[in-house]
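This report refers to the structure that appears directly beneath it.
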Amino acid sequence: MEQQKLNPTLVYVLAILGFLCCCFGGLGFILSGIAFYIAHSKLKNAENHPDQFEQASVKTMNTAKIVALVILIINLMYFIMTIYRISTVGWDEIMRQSQEIMEQWQMQNQ
């Protein structure tokens, strides 16, 4: 019987997109959470049927799972920080500060 390969490409793509979405208030936890879940379920399947999967691809998928987990933690921390900031400072004040930063940036680039 031919051994199957675990393809971690989807996990890496979702994790990296999740990392890029970290800039949007930590909302990348959705994509990185999906990536972590996919990697975890594939590794669980490989653990239950070790003779059906190549050991090298299992190690690669495990690395992808760790990457997704790290990015998930970063996003969750940023998301919690964003919620805390909105609840303490207020949305209007955050928008006012953002506007000031944009105006200063525009003045510097003229």
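Identifiers in this document derive from the order of the structure tokens: chains are assigned A, B, ..., residues are numbered from 1 separately in each chain, and ligands are numbered from 1 in order of occurrence.
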*Might you pull out every residue within 10 Å of Ala15 (chain A), with only C-alpha atoms counted and same-chain residues fewer than 6 positions away left off, and present them as a PyMOL selection string?*
chain A and resi 9+21+28-36+64-65+67-72
*Taking the backbone alone, and naming residues the way the document does, which bits of region 3-102 of chain A are alpha helix (DSSP H) by DSSP, as an MDAnalysis selection string?*
chainID A and resid 9:20 29:48 55:89 91:102
*Quick one: residues within 8 Å of Leu6 (chain A), only C-alpha atoms counted, chain neighbours fewer than 5 positions away excluded, as a ChimeraX atom specification?*
/A:42,53-54,57-58,60-61
*Enter the distance from CA of Tyr12 (chain A) to CA of Ala56 (chain A), in Å, rounded to one decimal.*
16.5 Å
*Determine the nearest neighbour of Leu27 (chain A) from the options A:Thr82, A:Asn109, A:Asn62, A:Gln104, counting only C-alpha atoms.*
A:Thr82
